[in-house]
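Visitor: The following block contains the structure, expressed as structure tokens.
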Amino acid sequence: MRLFPPFLDNDIFPLTIKNTLLQSCYLRNTEWACGVAVYTGNQTKLGMCRGIAEPKLTAVDAMVDKLTGAIFVFQIVVVIVLGIAGNVFKDKVGRKLWYVQYPKEGPWYELLVIPLRFELLCSIMIPISIKVSLDLAKSLYAKFIDWDVEMVDPETGIRSNAANQAISEDLGQVEYILTDKTGTLTENQMIFKRCCISGRFYGNESGDALTDAQLLNAVSTGSADVILFLKVMAICNTVIPVRSKSGTISYKALSQDEEALVCAAARLRMVLENKNGNILDINLNASPLRYEVLDTLEFTSDRKRMSVVVRECQSGELFILSKGADETILPLTYSGQQVRTFAEAVEQYAQMGLRTLCLAWRKLEEDEYQEWTSMFKEANSTLVDRERRVAEVCQRLERDFEILGVAAIEDRLQEGVPETIETLRKAGINFWMLTGDKMSTAIQIALSCNFVSPEPKGQLLIIDGKTEDEVCRSLERVLLTTRITESESKQDVAFVVDGWALEIALKHYRKPFTELAILSRTAICCRVTPSQKAQLVELLKLCDYRTLAIGDGGNDVRMIQQADIGVGISGREGLQAARAADYSIGKFRFLKRLILVHGRYSYNRTAFLSQYSFYKSLLICFIQIFFSFISGVSGTSLFNTVSLMAYNVFYTSVPVLFSVLDKDLSERTVMQHPQILFDCQSGRLLNPSTFAGWFGRSLFHAIVVFVITIHSYAFEKSEMEEVAMVVVSGCIWLQAFVVALETNSFTIFQHLAIWGNLVAFYAINWIVSSIPTSGMYTTMFRLCEQPSYWITMILIVATGMCPVLALKYLRYTYRPSRINILQQLERLGGPIQSSGIIEPKSRSSLDTDSVHEPLLSESPSATRRSVGPAQRSDSFRSQSPPDSTHTRKDN
């Protein structure tokens, strides 16, 4: 951009990241600015990271769709079979009955009439209300997350928020968690802790260099090396000092690392007081210093360093000051300088989990700088391949450095991170850490966070290399070791890979890398880019795993959107991740409660609600089918239109909706025993086997209701309206007891919903029966006056519920699941202790323990996906506690 008078006199300025205002930034310390709008809308940095969000389908929704398809096929078969039987009965028997009055010759579509009647009767096999019920329940699950006071960050007051109200049950089926490190596992509050200057290590026993007497003495005595080290810390940055009305100075920085360095220099008496344009005012031990920043060589992910060219205003001398990663700074030293001590310091600090930066400088000659600056301006102004040319020109000046020292910065772990990861790992969830930090730092943080156990129980396998052959050999070695370890021992194995090797592995060796990902519970990926994070999430999703990605910055947005569940942390890097995520939380430790409590409860409740919705529709439909056998297979409906409509809308919808309050175990027990999440991960509460149990129950209850009603009323030559009302009453009574039986913890709302709904059924029908034009005039009054009606209801409930109660008694007594045992321990009020060590099993093995599914069969078989999560076995106490026939009922 060329600026003409009256702004600047015909000067050319390159449009680079150095003078670019990113979206949502503030303009400070200037009254006006000239510029152009570039990279707007979806071309902004935030827009490019955001990508296109894909619609997310939960595992429960997918299973419900499959079950709906199966019921639809069953419905078509029933319609075809009954339609053919009806036409055959009509031709052979019906036409001979004088009271039916069939014409001798009907219209051409006569063969379709009976099948279409049965299609109308069987249309309620697929409950249309299931979508409405599920959507309402899911919205309540999301509100429970929003209202949870235990997930409010006490420091900031940030509450958890569910932006996506449709996938809460997927939280209970998470198998892989992919997490960022900085700001997600750590606080993103950088603190200067240690340093190594000219081969001397500073940092007292408490690990704080800022209170080290030797360093403070070196500053006060004016040690040249220490003063120069502090100058680089105070000058080589983009920090802006802001002075308040009271005179105190605060610093505004884009990078937490830079802010930590400048604040540490200020505490060591090298205070950055003012930045006016390119002029820096520094106060050293009450002595003012002034420097002019001539050029800034920006940090990039390829260069991994930042440099500034400055002129000391008093002497006019030129210097280049630089800071960056050790692998880019140490190779640029002048010949003859020994860097072994600095390399050892970097490794030592990395082993402590500290972030390291190497600081260097060099004095420049005026002629050298003038020649270089013209090349730098030309490279910045080029329109073709600008980035590469600028990097080449920068490299001409960044050479022959004198290494001043190494600064080590601590980014503390958030409170509760190790405990959260350990608990979720016990729940069978695998963890991958994806970070841009160097490998040694990432490994140390992973050990601190309980990602992997320390040796000898844990083992870290490193995949490295810069070429395809090196990466191939390293990947084969790690894969072979992992196979042997998984088959012969129970050692905790994790693999470590950097971004360069990961790029080669994903491009050329995707199949073996995928196998390694399946075998390993833990992975540590270092120096990865935002696109690589998204690729790893996609890789695990292609293996049919349920993934959760969690991060706090804009570079995590693509990973969060790619995962089945995205969780954003409202942290110091802004709200980009939180706004793009399905769920946002204040701290990482709240993830444990989000998954174990809200996720598990949501899955359990949704599994019951969806299968119950099919059950109640199949029950009334089976009764219609049975009635066709005594009505000449004619497709005549037993019920009137009002009863059929009210059945789904009023009579059966309210009780099941209050199952959103049901808790099979208390929250405390769930948090103490995370391994019970396995049942949700394997989908054992909602699969074809459990649905077959509900299907069999609906068929059995339909037979009970129909047979008892027919024997009680049809042979007494009662009116058809009375028979239909007795059948509907029997269905409502049965469903009230079914919901009560499947409810684990009663509240006043559930009592009102179940038994109040039964009372409301009679109130509604009494009102309808009092209307002369309703078609049910006086029907309900006459039925309620008959003792046989109430006896029939008692027989229906007793006959329908006794087999189910007997099967539950046998299972709870002789084959109790871990859930049943914990329920019984809760009911007895005794201490619920840890359930033992969880040992890994093969991924193909199935856990045969039964759980509390509402099945008619005693030992249901559990189904799994073709590629599922790692199964773990947990040892509960085998003996059954006394009084094991009772389930937990809390008021």
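Ordering of the structure tokens sets the chain letters (A, B, ...); residue numbers start at 1 within each chain; ligands are numbered from 1 in the order shown.
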Any idea what's packed within 8 Å of Glu119 of chain A, counting only C-alpha atoms, ignoring anything in its chain fewer than 4 positions away? Could you give it as a PDB file with all heavy atoms, in the first residue's frame?
Guide:
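Saved the output as around_2.pdb:
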```pdb
ATOM      1  N   GLN A  75     -44.266 -54.300   9.736  1.00  0.00           N
ATOM      2  CA  GLN A  75     -45.605 -53.773   9.467  1.00  0.00           C
ATOM      3  C   GLN A  75     -46.070 -54.144   8.061  1.00  0.00           C
ATOM      4  O   GLN A  75     -47.221 -54.566   7.859  1.00  0.00           O
ATOM      5  CB  GLN A  75     -45.591 -52.257   9.633  1.00  0.00           C
ATOM      6  CG  GLN A  75     -46.877 -51.553   9.244  1.00  0.00           C
ATOM      7  CD  GLN A  75     -46.733 -50.043   9.322  1.00  0.00           C
ATOM      8  OE1 GLN A  75     -46.002 -49.527  10.147  1.00  0.00           O
ATOM      9  NE2 GLN A  75     -47.418 -49.343   8.449  1.00  0.00           N
ATOM     10  N   ILE A  76     -45.188 -54.007   7.080  1.00  0.00           N
ATOM     11  CA  ILE A  76     -45.542 -54.352   5.697  1.00  0.00           C
ATOM     12  C   ILE A  76     -45.874 -55.836   5.584  1.00  0.00           C
ATOM     13  O   ILE A  76     -46.847 -56.236   4.919  1.00  0.00           O
ATOM     14  CB  ILE A  76     -44.395 -53.979   4.742  1.00  0.00           C
ATOM     15  CG1 ILE A  76     -44.189 -52.455   4.739  1.00  0.00           C
ATOM     16  CG2 ILE A  76     -44.678 -54.469   3.339  1.00  0.00           C
ATOM     17  CD1 ILE A  76     -45.396 -51.670   4.289  1.00  0.00           C
ATOM     18  N   VAL A  79     -49.280 -56.453   7.124  1.00  0.00           N
ATOM     19  CA  VAL A  79     -50.346 -55.941   6.247  1.00  0.00           C
ATOM     20  C   VAL A  79     -50.570 -56.882   5.067  1.00  0.00           C
ATOM     21  O   VAL A  79     -51.712 -57.197   4.708  1.00  0.00           O
ATOM     22  CB  VAL A  79     -49.987 -54.521   5.763  1.00  0.00           C
ATOM     23  CG1 VAL A  79     -50.931 -54.089   4.646  1.00  0.00           C
ATOM     24  CG2 VAL A  79     -50.053 -53.540   6.919  1.00  0.00           C
ATOM     25  N   PRO A 115     -56.306 -54.803   2.665  1.00  0.00           N
ATOM     26  CA  PRO A 115     -54.915 -54.447   3.003  1.00  0.00           C
ATOM     27  C   PRO A 115     -54.754 -52.989   3.421  1.00  0.00           C
ATOM     28  O   PRO A 115     -53.992 -52.681   4.352  1.00  0.00           O
ATOM     29  CB  PRO A 115     -54.154 -54.735   1.707  1.00  0.00           C
ATOM     30  CG  PRO A 115     -54.943 -55.790   1.032  1.00  0.00           C
ATOM     31  CD  PRO A 115     -56.378 -55.456   1.351  1.00  0.00           C
ATOM     32  N   SER A 123     -50.574 -48.540  11.222  1.00  0.00           N
ATOM     33  CA  SER A 123     -49.737 -47.352  11.057  1.00  0.00           C
ATOM     34  C   SER A 123     -49.192 -46.847  12.381  1.00  0.00           C
ATOM     35  O   SER A 123     -48.152 -46.176  12.421  1.00  0.00           O
ATOM     36  CB  SER A 123     -50.535 -46.245  10.360  1.00  0.00           C
ATOM     37  OG  SER A 123     -51.655 -45.878  11.154  1.00  0.00           O
TER      38      SER A 123
END
```
Visitor: Using 10 Å as the limit and counting only C-alpha atoms, can you tabulate each residue of segment 396-461 of chain A that touches segment 229-252 of chain A, with its shortest atom-to-atom distance in Å and the two atoms involved, as JSON lines?
Guide:
```
{"residue": "A:Ile403", "atom": "CA", "partner": "A:Phe229", "partner_atom": "CA", "distance": 9.4}
{"residue": "A:Leu404", "atom": "CA", "partner": "A:Phe229", "partner_atom": "CA", "distance": 5.9}
{"residue": "A:Gly405", "atom": "CA", "partner": "A:Phe229", "partner_atom": "CA", "distance": 7.0}
{"residue": "A:Val406", "atom": "CA", "partner": "A:Phe229", "partner_atom": "CA", "distance": 9.1}
{"residue": "A:Ala407", "atom": "CA", "partner": "A:Met233", "partner_atom": "CA", "distance": 9.0}
```
Visitor: Kindly give the distance, in Å, that separates atom CA of Asp225 of chain A and atom CA of Arg355 of chain A, rounded to a single decimal.
Guide: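 Distance reported for this atom pair: 21.8 Å.
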Visitor: Please identify all polymer residues within 12 Å of Gly316 of chain A, counting only C-alpha atoms, omitting same-chain residues fewer than 6 positions from it, and present them as a list of chain:residue names.
Guide: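 The residues satisfying every condition are A:Arg290, A:Tyr291, A:Glu292, A:Val310, A:Lys363, A:Leu364, A:Glu365, A:Glu366.
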Visitor: With C-alpha atoms retained, export the selected residues as a PDB file, in the first residue's frame.
Guide:
```
ATOM      1  CA  ARG A 290      15.822   4.251  25.203  1.00  0.00           C
ATOM      2  CA  TYR A 291      15.790   2.012  22.144  1.00  0.00           C
ATOM      3  CA  GLU A 292      14.339   2.372  18.673  1.00  0.00           C
ATOM      4  CA  VAL A 310      16.994  -2.158  17.576  1.00  0.00           C
ATOM      5  CA  LYS A 363      25.813  -6.643  17.167  1.00  0.00           C
ATOM      6  CA  LEU A 364      25.206  -5.281  13.674  1.00  0.00           C
ATOM      7  CA  GLU A 365      27.283  -2.984  11.493  1.00  0.00           C
ATOM      8  CA  GLU A 366      25.579  -0.026   9.847  1.00  0.00           C
TER       9      GLU A 366
END
```
Visitor: Determine which residues of segment 457-584 of chain A receive a DSSP assignment of alpha helix (DSSP H), computed from the backbone, and state them as a PyMOL selection string.
Guide: chain A and resi 468-488+499-508+510-519+530-542+557-562+576-580
Visitor: Hey, what does DSSP flag as strand (DSSP E) within segment 566-642 of chain A? Can you give it to me as JSON, numbers by chain?
Guide: {"A": [566, 567, 568, 569, 583, 584, 585]}
Visitor: Deliver the residues from the most recent selection as a file, using C-alpha atoms, as a CSV table (one decimal), in the first residue's frame.
Guide:
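The file below, result-v8.csv, is the result:
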```
chain,number,residue,atom,x,y,z
A,566,GLY,CA,-17.1,-30.8,20.8
A,567,VAL,CA,-16.4,-29.3,24.1
A,568,GLY,CA,-14.9,-25.8,24.4
A,569,ILE,CA,-13.3,-24.2,27.5
A,583,TYR,CA,-20.8,-27.8,25.1
A,584,SER,CA,-18.8,-25.2,26.9
A,585,ILE,CA,-17.4,-25.5,30.4
```
Visitor: Per residue of segment 643-752 of chain A within 8 Å of segment 423-432 of chain A, what are the shortest atom pair and its distance in Å to one decimal, counting only C-alpha atoms, with rows by chain and residue number, as JSON lines?
Guide:
```
{"residue": "A:Pro674", "atom": "CA", "partner": "A:Ala427", "partner_atom": "CA", "distance": 4.7}
{"residue": "A:Gln675", "atom": "CA", "partner": "A:Ala427", "partner_atom": "CA", "distance": 4.3}
{"residue": "A:Ile676", "atom": "CA", "partner": "A:Ala427", "partner_atom": "CA", "distance": 7.0}
{"residue": "A:Leu677", "atom": "CA", "partner": "A:Ala427", "partner_atom": "CA", "distance": 5.8}
{"residue": "A:Phe678", "atom": "CA", "partner": "A:Ala427", "partner_atom": "CA", "distance": 6.6}
```
Visitor: Contacts of Val113 of chain A at 10 Å or less, counting only C-alpha atoms, minus same-chain residues fewer than 2 places along, as a PyMOL selection string?
Guide: chain A and resi 83+86-87+109-111+115-119+634-635
Visitor: Let me see the file: selected residues, all heavy atoms, as an mmCIF file, in the first residue's frame.
Guide:
```
data_model
loop_
_atom_site.group_PDB
_atom_site.id
_atom_site.type_symbol
_atom_site.label_atom_id
_atom_site.label_comp_id
_atom_site.auth_asym_id
_atom_site.auth_seq_id
_atom_site.Cartn_x
_atom_site.Cartn_y
_atom_site.Cartn_z
ATOM 1 N N GLY A 83 -53.872 -58.924 4.804
ATOM 2 C CA GLY A 83 -54.656 -58.528 3.625
ATOM 3 C C GLY A 83 -55.030 -59.723 2.776
ATOM 4 O O GLY A 83 -56.184 -59.862 2.324
ATOM 5 N N GLY A 86 -57.542 -61.799 4.746
ATOM 6 C CA GLY A 86 -58.860 -61.155 4.741
ATOM 7 C C GLY A 86 -59.601 -61.371 3.439
ATOM 8 O O GLY A 86 -60.812 -61.636 3.437
ATOM 9 N N ASN A 87 -58.918 -61.256 2.331
ATOM 10 C CA ASN A 87 -59.572 -61.481 1.033
ATOM 11 C C ASN A 87 -59.984 -62.942 0.868
ATOM 12 O O ASN A 87 -61.058 -63.237 0.327
ATOM 13 C CB ASN A 87 -58.640 -61.061 -0.103
ATOM 14 C CG ASN A 87 -58.584 -59.552 -0.287
ATOM 15 O OD1 ASN A 87 -59.621 -58.896 -0.318
ATOM 16 N ND2 ASN A 87 -57.381 -59.004 -0.391
ATOM 17 N N TYR A 109 -60.806 -52.358 -7.465
ATOM 18 C CA TYR A 109 -59.851 -52.153 -6.378
ATOM 19 C C TYR A 109 -60.275 -52.889 -5.109
ATOM 20 O O TYR A 109 -59.738 -52.619 -4.033
ATOM 21 C CB TYR A 109 -59.723 -50.661 -6.074
ATOM 22 C CG TYR A 109 -61.032 -49.957 -5.795
ATOM 23 C CD1 TYR A 109 -61.619 -50.008 -4.527
ATOM 24 C CD2 TYR A 109 -61.687 -49.252 -6.796
ATOM 25 C CE1 TYR A 109 -62.820 -49.375 -4.271
ATOM 26 C CE2 TYR A 109 -62.886 -48.611 -6.546
ATOM 27 C CZ TYR A 109 -63.450 -48.662 -5.276
ATOM 28 O OH TYR A 109 -64.633 -48.040 -5.025
ATOM 29 N N GLU A 110 -61.229 -53.824 -5.219
ATOM 30 C CA GLU A 110 -61.749 -54.508 -4.036
ATOM 31 C C GLU A 110 -60.655 -55.262 -3.276
ATOM 32 O O GLU A 110 -60.658 -55.323 -2.045
ATOM 33 C CB GLU A 110 -62.860 -55.460 -4.447
ATOM 34 C CG GLU A 110 -63.544 -56.134 -3.248
ATOM 35 C CD GLU A 110 -64.668 -57.059 -3.692
ATOM 36 O OE1 GLU A 110 -64.770 -57.311 -4.909
ATOM 37 O OE2 GLU A 110 -65.414 -57.517 -2.822
ATOM 38 N N LEU A 111 -59.682 -55.805 -4.000
ATOM 39 C CA LEU A 111 -58.614 -56.568 -3.344
ATOM 40 C C LEU A 111 -57.710 -55.684 -2.484
ATOM 41 O O LEU A 111 -57.025 -56.188 -1.587
ATOM 42 C CB LEU A 111 -57.766 -57.293 -4.399
ATOM 43 C CG LEU A 111 -58.445 -58.438 -5.153
ATOM 44 C CD1 LEU A 111 -57.517 -58.985 -6.222
ATOM 45 C CD2 LEU A 111 -58.843 -59.549 -4.185
ATOM 46 N N PRO A 115 -56.306 -54.803 2.665
ATOM 47 C CA PRO A 115 -54.915 -54.447 3.003
ATOM 48 C C PRO A 115 -54.754 -52.989 3.421
ATOM 49 O O PRO A 115 -53.992 -52.681 4.352
ATOM 50 C CB PRO A 115 -54.154 -54.735 1.707
ATOM 51 C CG PRO A 115 -54.943 -55.790 1.032
ATOM 52 C CD PRO A 115 -56.378 -55.456 1.351
ATOM 53 N N LEU A 116 -55.486 -52.078 2.768
ATOM 54 C CA LEU A 116 -55.384 -50.671 3.150
ATOM 55 C C LEU A 116 -55.985 -50.433 4.533
ATOM 56 O O LEU A 116 -55.492 -49.595 5.296
ATOM 57 C CB LEU A 116 -56.081 -49.787 2.114
ATOM 58 C CG LEU A 116 -55.360 -49.678 0.761
ATOM 59 C CD1 LEU A 116 -56.185 -48.867 -0.211
ATOM 60 C CD2 LEU A 116 -53.979 -49.044 0.940
ATOM 61 N N ARG A 117 -57.035 -51.158 4.881
ATOM 62 C CA ARG A 117 -57.577 -51.038 6.232
ATOM 63 C C ARG A 117 -56.544 -51.469 7.268
ATOM 64 O O ARG A 117 -56.360 -50.816 8.313
ATOM 65 C CB ARG A 117 -58.826 -51.895 6.372
ATOM 66 C CG ARG A 117 -60.048 -51.362 5.646
ATOM 67 C CD ARG A 117 -61.201 -52.338 5.819
ATOM 68 N NE ARG A 117 -62.401 -51.898 5.110
ATOM 69 C CZ ARG A 117 -63.482 -52.653 4.954
ATOM 70 N NH1 ARG A 117 -63.509 -53.888 5.486
ATOM 71 N NH2 ARG A 117 -64.536 -52.189 4.302
ATOM 72 N N PHE A 118 -55.874 -52.582 6.995
ATOM 73 C CA PHE A 118 -54.850 -53.048 7.938
ATOM 74 C C PHE A 118 -53.651 -52.101 7.978
ATOM 75 O O PHE A 118 -52.999 -51.960 9.015
ATOM 76 C CB PHE A 118 -54.401 -54.468 7.574
ATOM 77 C CG PHE A 118 -55.327 -55.531 8.064
ATOM 78 C CD1 PHE A 118 -56.097 -56.277 7.176
ATOM 79 C CD2 PHE A 118 -55.454 -55.802 9.416
ATOM 80 C CE1 PHE A 118 -56.957 -57.255 7.626
ATOM 81 C CE2 PHE A 118 -56.314 -56.789 9.874
ATOM 82 C CZ PHE A 118 -57.078 -57.517 8.979
ATOM 83 N N GLU A 119 -53.360 -51.464 6.848
ATOM 84 C CA GLU A 119 -52.286 -50.475 6.848
ATOM 85 C C GLU A 119 -52.627 -49.307 7.773
ATOM 86 O O GLU A 119 -51.771 -48.812 8.516
ATOM 87 C CB GLU A 119 -52.027 -49.969 5.424
ATOM 88 C CG GLU A 119 -51.007 -48.841 5.329
ATOM 89 C CD GLU A 119 -49.625 -49.244 5.834
ATOM 90 O OE1 GLU A 119 -49.269 -50.437 5.724
ATOM 91 O OE2 GLU A 119 -48.925 -48.367 6.351
ATOM 92 N N SER A 634 -61.310 -58.509 8.669
ATOM 93 C CA SER A 634 -61.858 -57.481 7.786
ATOM 94 C C SER A 634 -61.144 -56.143 7.914
ATOM 95 O O SER A 634 -61.437 -55.219 7.151
ATOM 96 C CB SER A 634 -63.341 -57.277 8.093
ATOM 97 O OG SER A 634 -63.496 -56.873 9.449
ATOM 98 N N GLY A 635 -60.244 -55.982 8.898
ATOM 99 C CA GLY A 635 -59.562 -54.713 9.083
ATOM 100 C C GLY A 635 -60.387 -53.711 9.859
ATOM 101 O O GLY A 635 -60.076 -52.515 9.849
#
```
Visitor: Tell me which of A:Ile130, A:Ala581, A:Ile524, A:Ala137 sits closest to Val557 of chain A, counting only C-alpha atoms.
Guide: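 Smallest separation from Val557 of chain A among the options: A:Ala581.
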Visitor: When you count only C-alpha atoms, which of these residues is closest to Asp11 of chain A: A:Val60, A:Leu665, A:Leu519, A:Ser381?
Guide: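 Using only C-alpha atoms, the shortest distance to Asp11 of chain A belongs to A:Ser381.
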Visitor: Given only C-alpha atoms as the basis, pick out the residue of A:Leu22, A:Ala446, A:Phe691, A:Ser637 nearest to Thr40 of chain A.
Guide: A:Leu22
Visitor: Name all residues at most 8 Å from segment 158-166 of chain A (count only C-alpha atoms; drop same-chain ones fewer than 6 positions away) and give them as a ChimeraX atom specification.
Guide: /A:58,135,138-139,141-143,145-146,148-149,151-152,570,581-586
Visitor: Could you dump the residues just selected with N, CA and C atoms as a compact mmCIF listing (two decimals), in the first residue's frame?
Guide:
```txt
# COMPACT_ATOMS: atom_id res chain seq x y z
N THR A 58 -26.53 -38.91 16.76
CA THR A 58 -26.10 -39.71 17.91
C THR A 58 -26.26 -41.19 17.62
N ASP A 135 -37.14 -35.17 21.46
CA ASP A 135 -36.69 -33.78 21.37
C ASP A 135 -36.97 -33.03 22.66
N LYS A 138 -34.51 -34.33 25.29
CA LYS A 138 -33.15 -33.85 25.05
C LYS A 138 -33.00 -32.38 25.42
N SER A 139 -34.02 -31.60 25.16
CA SER A 139 -33.95 -30.20 25.56
C SER A 139 -33.86 -30.07 27.08
N TYR A 141 -32.48 -32.40 29.03
CA TYR A 141 -31.12 -32.81 29.38
C TYR A 141 -30.16 -31.62 29.26
N ALA A 142 -30.30 -30.84 28.18
CA ALA A 142 -29.44 -29.68 27.99
C ALA A 142 -29.65 -28.65 29.10
N LYS A 143 -30.89 -28.47 29.51
CA LYS A 143 -31.17 -27.53 30.59
C LYS A 143 -30.57 -28.01 31.90
N ILE A 145 -27.81 -29.50 32.23
CA ILE A 145 -26.39 -29.11 32.16
C ILE A 145 -26.24 -27.62 32.45
N ASP A 146 -27.11 -26.82 31.86
CA ASP A 146 -27.04 -25.37 32.08
C ASP A 146 -27.29 -25.02 33.54
N ASP A 148 -26.69 -26.88 36.24
CA ASP A 148 -25.87 -27.60 37.21
C ASP A 148 -24.93 -26.63 37.94
N VAL A 149 -25.21 -26.40 39.22
CA VAL A 149 -24.40 -25.45 39.99
C VAL A 149 -23.03 -26.02 40.32
N MET A 151 -21.08 -27.30 38.21
CA MET A 151 -20.23 -27.09 37.05
C MET A 151 -20.05 -25.59 36.78
N VAL A 152 -20.11 -24.80 37.83
CA VAL A 152 -19.86 -23.36 37.73
C VAL A 152 -18.45 -23.10 38.24
N SER A 570 -14.05 -22.03 28.14
CA SER A 570 -14.04 -20.57 28.11
C SER A 570 -12.82 -20.09 28.88
N ALA A 581 -18.32 -24.97 19.88
CA ALA A 581 -18.48 -26.30 20.46
C ALA A 581 -19.95 -26.61 20.74
N ASP A 582 -20.21 -27.90 20.95
CA ASP A 582 -21.54 -28.34 21.36
C ASP A 582 -21.79 -28.03 22.83
N TYR A 583 -20.73 -28.11 23.63
CA TYR A 583 -20.84 -27.82 25.06
C TYR A 583 -19.65 -26.95 25.45
N SER A 584 -19.88 -26.02 26.35
CA SER A 584 -18.80 -25.19 26.87
C SER A 584 -18.78 -25.30 28.39
N ILE A 585 -17.57 -25.40 28.93
CA ILE A 585 -17.39 -25.52 30.37
C ILE A 585 -16.29 -24.54 30.80
N GLY A 586 -16.22 -24.28 32.10
CA GLY A 586 -15.25 -23.32 32.60
C GLY A 586 -13.89 -23.92 32.85
```
Visitor: Between A:Ala753, A:Val478, A:Val132, A:Val308, which one has atoms that come closest to Val739 of chain A, using only C-alpha atoms?
Guide: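 The closest residue to Val739 of chain A is A:Ala753.
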Visitor: Need the shell around segment 649-654 of chain A: protein/DNA/RNA residues with any atom at most 12 Å away, counting only C-alpha atoms. Skip same-chain ones fewer than 6 positions apart. Format as a PyMOL selection string?
Guide: chain A and resi 127-130+132-134+136-137+609-610+612-617+619-620+642-643+660+728-739+749-765
Visitor: Since we have the selection now, will you write its residues out, keeping C-alpha atoms, as a short mmCIF file (atom, residue, chain, number, x, y, z; two decimals), in the first residue's frame?
Guide:
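selection39.cif was written with the following content:
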```cif
data_model
loop_
_atom_site.label_atom_id
_atom_site.label_comp_id
_atom_site.auth_asym_id
_atom_site.auth_seq_id
_atom_site.Cartn_x
_atom_site.Cartn_y
_atom_site.Cartn_z
CA PRO A 127 -44.88 -44.05 17.03
CA ILE A 128 -44.84 -40.60 15.48
CA SER A 129 -44.71 -39.16 18.99
CA ILE A 130 -41.24 -40.66 19.62
CA VAL A 132 -41.48 -35.20 19.82
CA SER A 133 -40.83 -37.03 23.10
CA LEU A 134 -37.11 -37.42 22.38
CA LEU A 136 -38.48 -32.61 24.50
CA ALA A 137 -36.41 -34.91 26.70
CA LEU A 609 -37.97 -43.59 26.58
CA SER A 610 -37.39 -44.68 22.98
CA TYR A 612 -41.07 -47.64 25.78
CA SER A 613 -42.51 -45.51 22.96
CA PHE A 614 -42.32 -48.51 20.64
CA TYR A 615 -43.74 -50.77 23.35
CA LYS A 616 -46.92 -48.78 23.92
CA SER A 617 -47.59 -48.43 20.19
CA LEU A 619 -49.24 -53.06 22.41
CA ILE A 620 -52.31 -51.31 21.02
CA VAL A 642 -61.03 -40.44 19.91
CA SER A 643 -59.59 -43.31 21.96
CA VAL A 660 -35.99 -37.60 32.59
CA VAL A 728 -57.93 -49.39 26.68
CA SER A 729 -58.25 -49.39 30.47
CA GLY A 730 -56.22 -52.59 30.72
CA CYS A 731 -53.49 -51.07 28.55
CA ILE A 732 -53.34 -47.91 30.67
CA TRP A 733 -53.18 -49.91 33.93
CA LEU A 734 -50.41 -52.13 32.58
CA GLN A 735 -48.34 -49.22 31.35
CA ALA A 736 -48.63 -47.43 34.68
CA PHE A 737 -47.13 -50.46 36.42
CA VAL A 738 -44.51 -50.94 33.68
CA VAL A 739 -43.27 -47.36 34.11
CA PHE A 749 -43.33 -35.57 40.18
CA GLN A 750 -43.03 -39.17 39.01
CA HIS A 751 -45.73 -40.31 41.44
CA LEU A 752 -48.02 -37.58 40.11
CA ALA A 753 -47.20 -38.47 36.52
CA ILE A 754 -47.77 -42.21 36.88
CA TRP A 755 -50.72 -42.45 39.24
CA GLY A 756 -52.12 -39.00 38.47
CA ASN A 757 -52.19 -39.97 34.80
CA LEU A 758 -54.28 -43.02 35.72
CA VAL A 759 -56.73 -40.81 37.57
CA ALA A 760 -56.76 -38.36 34.66
CA PHE A 761 -57.66 -41.22 32.30
CA TYR A 762 -60.88 -41.87 34.20
CA ALA A 763 -61.62 -38.16 34.56
CA ILE A 764 -61.30 -37.60 30.81
CA ASN A 765 -63.49 -40.58 29.96
#
```
Visitor: So, counting only C-alpha atoms, which residue among A:Gln561, A:Asn744, A:Gln786, A:Thr669 is closest to Lys56 of chain A?
Guide: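 Under the stated criterion, the closest residue is A:Gln561.
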Visitor: Using only C-alpha atoms, can you tell me which of A:Leu795, A:Ile595, A:Phe342, A:Ser631 comes closest to Val100 of chain A?
Guide: A:Ser631
Visitor: Tell me, in Å to one decimal, how far atom CA of Ala62 of chain A is from atom CA of Phe622 of chain A.
Guide: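 About the pair atom CA of Ala62 of chain A and atom CA of Phe622 of chain A: they are 25.5 Å apart.
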Visitor: Do you know which residues are at most 9 Å from segment 209-219 of chain A counting only C-alpha atoms, after dropping those on the same chain fewer than 5 positions away, and could you put them as number ranges by chain?
Guide: A: 192-195, 202-204, 224, 226-227, 264, 267-269, 285
Visitor: In Å, with one decimal, what is the gap from atom CA of Val497 of chain A to atom CA of Leu185 of chain A?
Guide: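 So the answer is 19.1 Å.
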